[in-house]
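**Student:** Structure below; questions to follow.
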Amino acid sequence: MINVNGLILSAGESRRMGPQNKALAILCGQTLVERVMDRLAPQVGRIIISGDRQLLGHLPYDIIEDETGPHRGPLMGLHSVFQSSLVQSEHLMMVACDGVFFPANVVAKLHALVLENNADIGCIRYRGFPQPMFSLWNKRTAPSVACAVLEKRLGGFKLLLASLRSVYLDWPENSINPFFNINTPKDLRYAETILCP
């Protein structure tokens, strides 16, 4: 296991999923967040969850809520975790609670690329498109993340990826997109056909 902490983003509103919180949607007998936890745990030294303690407090990991209230976006989730005392490694691997198919070696591959290039951020790129919800961040990026939050750039990571030293790992194409996000009930049904046909 490498010296990397893991962050699972689970603080979204999940509006497209319907009345239930997306992190707690059931896929083949497990919630989405539990499936992501199981996939990430062997790859990192520690897991931290960005989300609502009231909803996710039963999970066996530390939960950090958004500093300025719920549903402030993934950039705020990253910022809030950086501001806590829980990030104890130099690098933090960020994944989404609805990305249950990410590869079992993605952290090691990104970590090696980041170290090789002394990069601030390592981001997956799949079929030519960056996948910032699957990215590895050096702890030294925390001030830049904080500035982006203060400037109200709460919705995305494009400017940070462009302004910091970023490297991209082009993941080989697969018949099933390993970085597919489950956003809707239709997506959930599709994932069921793969994991529990």
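Here, A, B, ... name the chains of the structure tokens in the order displayed, residue numbers run from 1 inside each chain, and ligands are numbered from 1 in the same displayed order.
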Hey, what's within 10 Å of segment 114-121 of chain A if we count only C-alpha atoms and toss same-chain stuff fewer than 5 positions away? As a list of chain:residue names, please?
**Tutor:**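 Returned residues: A:His91, A:Leu92, A:Met93, A:Ala108, A:Lys109, A:Pro132, A:Ser135, A:Leu136, A:Trp137, A:Asn138, A:Lys139, A:Arg140, A:Thr141, A:Leu160, A:Leu161, A:Leu164, A:Arg165, A:Ser166, A:Val167, A:Tyr168, A:Leu169.
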**Student:** Near Gly128 of chain A, counting only C-alpha atoms, which residues have an atom at most 12 Å away, once you skip same-chain residues fewer than 2 positions from it, shown as JSON, numbers by chain?
**Tutor:** {"A": [123, 124, 125, 126, 130, 131, 168, 169, 170, 171, 172, 173]}
**Student:** Keeping N, CA and C atoms for every residue in the selection just given, could you write it to a file as a compact mmCIF listing (two decimals), in the first residue's frame?
**Tutor:**
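File produced: out-v8.txt:
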```
# COMPACT_ATOMS: atom_id res chain seq x y z
N CYS A 123 -4.45 13.55 -12.90
CA CYS A 123 -5.86 13.38 -13.26
C CYS A 123 -6.01 12.29 -14.32
N ILE A 124 -7.00 11.45 -14.15
CA ILE A 124 -7.31 10.45 -15.16
C ILE A 124 -7.88 11.14 -16.40
N ARG A 125 -7.51 10.62 -17.55
CA ARG A 125 -8.13 11.06 -18.80
C ARG A 125 -8.62 9.80 -19.51
N TYR A 126 -9.88 9.80 -19.92
CA TYR A 126 -10.46 8.62 -20.55
C TYR A 126 -11.15 9.03 -21.84
N PRO A 130 -10.72 14.63 -19.55
CA PRO A 130 -10.28 14.58 -18.16
C PRO A 130 -11.41 14.11 -17.24
N GLN A 131 -11.04 13.39 -16.21
CA GLN A 131 -11.98 12.87 -15.21
C GLN A 131 -11.57 13.40 -13.84
N TYR A 168 -1.66 14.10 -16.76
CA TYR A 168 -2.83 13.30 -17.11
C TYR A 168 -2.41 11.87 -17.42
N LEU A 169 -3.18 10.94 -16.90
CA LEU A 169 -2.96 9.52 -17.17
C LEU A 169 -4.06 9.04 -18.10
N ASP A 170 -3.69 8.74 -19.35
CA ASP A 170 -4.67 8.25 -20.32
C ASP A 170 -4.92 6.77 -20.07
N TRP A 171 -6.14 6.49 -19.58
CA TRP A 171 -6.48 5.12 -19.23
C TRP A 171 -6.94 4.36 -20.48
N PRO A 172 -6.47 3.12 -20.65
CA PRO A 172 -6.89 2.36 -21.84
C PRO A 172 -8.40 2.16 -21.90
N GLU A 173 -8.92 2.19 -23.10
CA GLU A 173 -10.37 1.99 -23.28
C GLU A 173 -10.76 0.57 -22.91
```
**Student:** Choose the residue, out of A:Val33, A:Ile176, A:Leu27, A:Val145, that has the smallest atom-to-atom separation from Ile48 of chain A; count only C-alpha atoms.
**Tutor:**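 Among the listed residues, the smallest separation from Ile48 of chain A belongs to A:Val33.
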**Student:** Among segment 8-91 of chain A, which residues carry a DSSP assignment of helix (DSSP H, G or I), reported as number ranges by chain?
**Tutor:** A: 15-17, 22-24, 32-43, 53-56, 74-83
**Student:** I want to know what sits within 12 Å of Ile194 of chain A, based on only C-alpha atoms, with residues of the same chain fewer than 4 positions away left out; could you give that as an MDAnalysis selection string?
**Tutor:** chainID A and resid 27:28 100:101 175:178 187:190
**Student:** Can I get the selected residues back with N, CA, C and O atoms, as a PDB file, in the first residue's frame?
**Tutor:**
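Result saved to selection_7.pdb:
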```pdb
ATOM      1  N   LEU A  27     -27.015  -0.976  -4.791  1.00  0.00           N
ATOM      2  CA  LEU A  27     -26.579  -1.637  -6.014  1.00  0.00           C
ATOM      3  C   LEU A  27     -26.140  -3.053  -5.644  1.00  0.00           C
ATOM      4  O   LEU A  27     -25.129  -3.239  -4.971  1.00  0.00           O
ATOM      5  N   CYS A  28     -26.940  -4.031  -6.038  1.00  0.00           N
ATOM      6  CA  CYS A  28     -26.619  -5.441  -5.774  1.00  0.00           C
ATOM      7  C   CYS A  28     -26.332  -5.679  -4.297  1.00  0.00           C
ATOM      8  O   CYS A  28     -25.336  -6.312  -3.925  1.00  0.00           O
ATOM      9  N   VAL A 100     -18.367   3.388  -9.099  1.00  0.00           N
ATOM     10  CA  VAL A 100     -18.101   2.082  -8.473  1.00  0.00           C
ATOM     11  C   VAL A 100     -17.187   1.179  -9.299  1.00  0.00           C
ATOM     12  O   VAL A 100     -16.780   0.119  -8.822  1.00  0.00           O
ATOM     13  N   PHE A 101     -16.829   1.602 -10.509  1.00  0.00           N
ATOM     14  CA  PHE A 101     -16.065   0.713 -11.395  1.00  0.00           C
ATOM     15  C   PHE A 101     -14.585   1.105 -11.530  1.00  0.00           C
ATOM     16  O   PHE A 101     -13.870   0.499 -12.317  1.00  0.00           O
ATOM     17  N   SER A 175     -14.471  -2.140 -22.525  1.00  0.00           N
ATOM     18  CA  SER A 175     -15.865  -2.296 -22.952  1.00  0.00           C
ATOM     19  C   SER A 175     -16.821  -1.622 -21.973  1.00  0.00           C
ATOM     20  O   SER A 175     -17.908  -1.180 -22.345  1.00  0.00           O
ATOM     21  N   ILE A 176     -16.423  -1.550 -20.708  1.00  0.00           N
ATOM     22  CA  ILE A 176     -17.185  -0.829 -19.690  1.00  0.00           C
ATOM     23  C   ILE A 176     -16.335   0.340 -19.226  1.00  0.00           C
ATOM     24  O   ILE A 176     -15.180   0.150 -18.814  1.00  0.00           O
ATOM     25  N   ASN A 177     -16.859   1.540 -19.294  1.00  0.00           N
ATOM     26  CA  ASN A 177     -16.124   2.719 -18.855  1.00  0.00           C
ATOM     27  C   ASN A 177     -15.850   2.612 -17.351  1.00  0.00           C
ATOM     28  O   ASN A 177     -16.772   2.681 -16.544  1.00  0.00           O
ATOM     29  N   PRO A 178     -14.581   2.468 -16.935  1.00  0.00           N
ATOM     30  CA  PRO A 178     -14.304   2.296 -15.511  1.00  0.00           C
ATOM     31  C   PRO A 178     -14.535   3.561 -14.694  1.00  0.00           C
ATOM     32  O   PRO A 178     -14.529   3.511 -13.457  1.00  0.00           O
ATOM     33  N   ASP A 187     -29.029   4.885 -14.828  1.00  0.00           N
ATOM     34  CA  ASP A 187     -27.626   4.506 -14.655  1.00  0.00           C
ATOM     35  C   ASP A 187     -27.486   3.361 -13.650  1.00  0.00           C
ATOM     36  O   ASP A 187     -26.672   2.455 -13.826  1.00  0.00           O
ATOM     37  N   LEU A 188     -28.275   3.430 -12.595  1.00  0.00           N
ATOM     38  CA  LEU A 188     -28.229   2.387 -11.565  1.00  0.00           C
ATOM     39  C   LEU A 188     -28.653   1.040 -12.140  1.00  0.00           C
ATOM     40  O   LEU A 188     -28.023   0.008 -11.869  1.00  0.00           O
ATOM     41  N   ARG A 189     -29.696   1.060 -12.955  1.00  0.00           N
ATOM     42  CA  ARG A 189     -30.152  -0.181 -13.588  1.00  0.00           C
ATOM     43  C   ARG A 189     -29.084  -0.731 -14.532  1.00  0.00           C
ATOM     44  O   ARG A 189     -28.875  -1.954 -14.606  1.00  0.00           O
ATOM     45  N   TYR A 190     -28.396   0.159 -15.244  1.00  0.00           N
ATOM     46  CA  TYR A 190     -27.316  -0.267 -16.135  1.00  0.00           C
ATOM     47  C   TYR A 190     -26.194  -0.928 -15.327  1.00  0.00           C
ATOM     48  O   TYR A 190     -25.669  -1.988 -15.703  1.00  0.00           O
TER      49      TYR A 190
END
```
**Student:** For atom CA of Leu55 of chain A and atom CA of Phe157 of chain A, quote the distance in Å rounded to one decimal.
**Tutor:**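 Taking atom CA of Leu55 of chain A and atom CA of Phe157 of chain A, their separation equals 26.1 Å.
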**Student:** Would you mind reading off the distance between atom CA of Ile64 of chain A and atom CA of Ala142 of chain A, one decimal, in Å?
**Tutor:**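 One can read the atom CA of Ile64 of chain A to atom CA of Ala142 of chain A distance as 15.6 Å.
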**Student:** Which of these, A:Met94, A:Ile26, A:Leu195, A:Leu59, has the shortest distance to His79 of chain A once you count only C-alpha atoms?
**Tutor:**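 Answer, going by the shortest atom-to-atom distance: A:Met94.
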**Student:** Rank A:Gly45, A:Pro74, A:Gly99, A:Gly57 by their smallest atom-to-atom distance to Leu32 of chain A, using only C-alpha atoms, and report the top residue only.
**Tutor:**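 Closest to Leu32 of chain A, using only C-alpha atoms: A:Gly99.
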**Student:** Taking the DSSP assignment computed from this structure's backbone, write out as a VMD selection string all residues of segment 15-139 of chain A that belong to strand (DSSP E).
**Tutor:** chain A and resid 26 to 27 30 to 31 46 to 50 62 to 64 91 to 96 121 to 126 129 to 138
**Student:** Those same residues, written as a CSV table (one decimal), in the first residue's frame with C-alpha atoms?
**Tutor:**
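File part_19.csv, as written:
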```csv
chain,number,residue,atom,x,y,z
A,26,ILE,CA,-28.5,0.2,-3.3
A,27,LEU,CA,-26.6,-1.6,-6.0
A,30,GLN,CA,-24.6,-2.7,-1.1
A,31,THR,CA,-24.9,1.1,-1.1
A,46,ARG,CA,-6.8,6.1,5.1
A,47,ILE,CA,-10.2,7.0,3.9
A,48,ILE,CA,-12.0,10.3,4.6
A,49,ILE,CA,-15.6,11.0,3.4
A,50,SER,CA,-17.0,14.3,2.4
A,62,ASP,CA,-14.1,10.0,9.4
A,63,ILE,CA,-16.7,12.3,7.8
A,64,ILE,CA,-16.1,16.0,7.0
A,91,HIS,CA,-1.2,13.1,-1.5
A,92,LEU,CA,-4.9,12.8,-1.4
A,93,MET,CA,-6.8,10.6,-4.0
A,94,MET,CA,-10.3,11.9,-4.7
A,95,VAL,CA,-13.0,9.6,-6.0
A,96,ALA,CA,-16.8,10.1,-6.4
A,121,ILE,CA,-2.3,17.1,-9.5
A,122,GLY,CA,-2.6,13.8,-11.4
A,123,CYS,CA,-5.9,13.4,-13.3
A,124,ILE,CA,-7.3,10.4,-15.2
A,125,ARG,CA,-8.1,11.1,-18.8
A,126,TYR,CA,-10.5,8.6,-20.5
A,129,PHE,CA,-11.7,13.7,-21.6
A,130,PRO,CA,-10.3,14.6,-18.2
A,131,GLN,CA,-12.0,12.9,-15.2
A,132,PRO,CA,-11.3,15.2,-12.3
A,133,MET,CA,-13.5,13.2,-10.0
A,134,PHE,CA,-10.7,10.6,-10.2
A,135,SER,CA,-7.7,12.7,-9.4
A,136,LEU,CA,-4.7,12.8,-7.0
A,137,TRP,CA,-3.8,16.0,-5.2
A,138,ASN,CA,-0.6,17.0,-3.5
```
**Student:** Using only C-alpha atoms for the distances, tell me which of A:Glu90, A:Leu24, A:Ala41, A:Glu65 is nearest to His111 of chain A.
**Tutor:**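 Residue with the minimum atom-to-atom distance to His111 of chain A: A:Glu90.
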**Student:** Given the choices A:Pro185, A:Pro42, A:Gly29, A:Gly77, which gets closest to Ala146 of chain A if the distance is worked out from only C-alpha atoms?
**Tutor:**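 Comparing A:Pro185, A:Pro42, A:Gly29, A:Gly77 against Ala146 of chain A, the winner is A:Gly77.
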**Student:** Provide the atom CA of Pro143 of chain A to atom CA of Gln54 of chain A distance in Å, to one decimal place.
**Tutor:** 28.7 Å
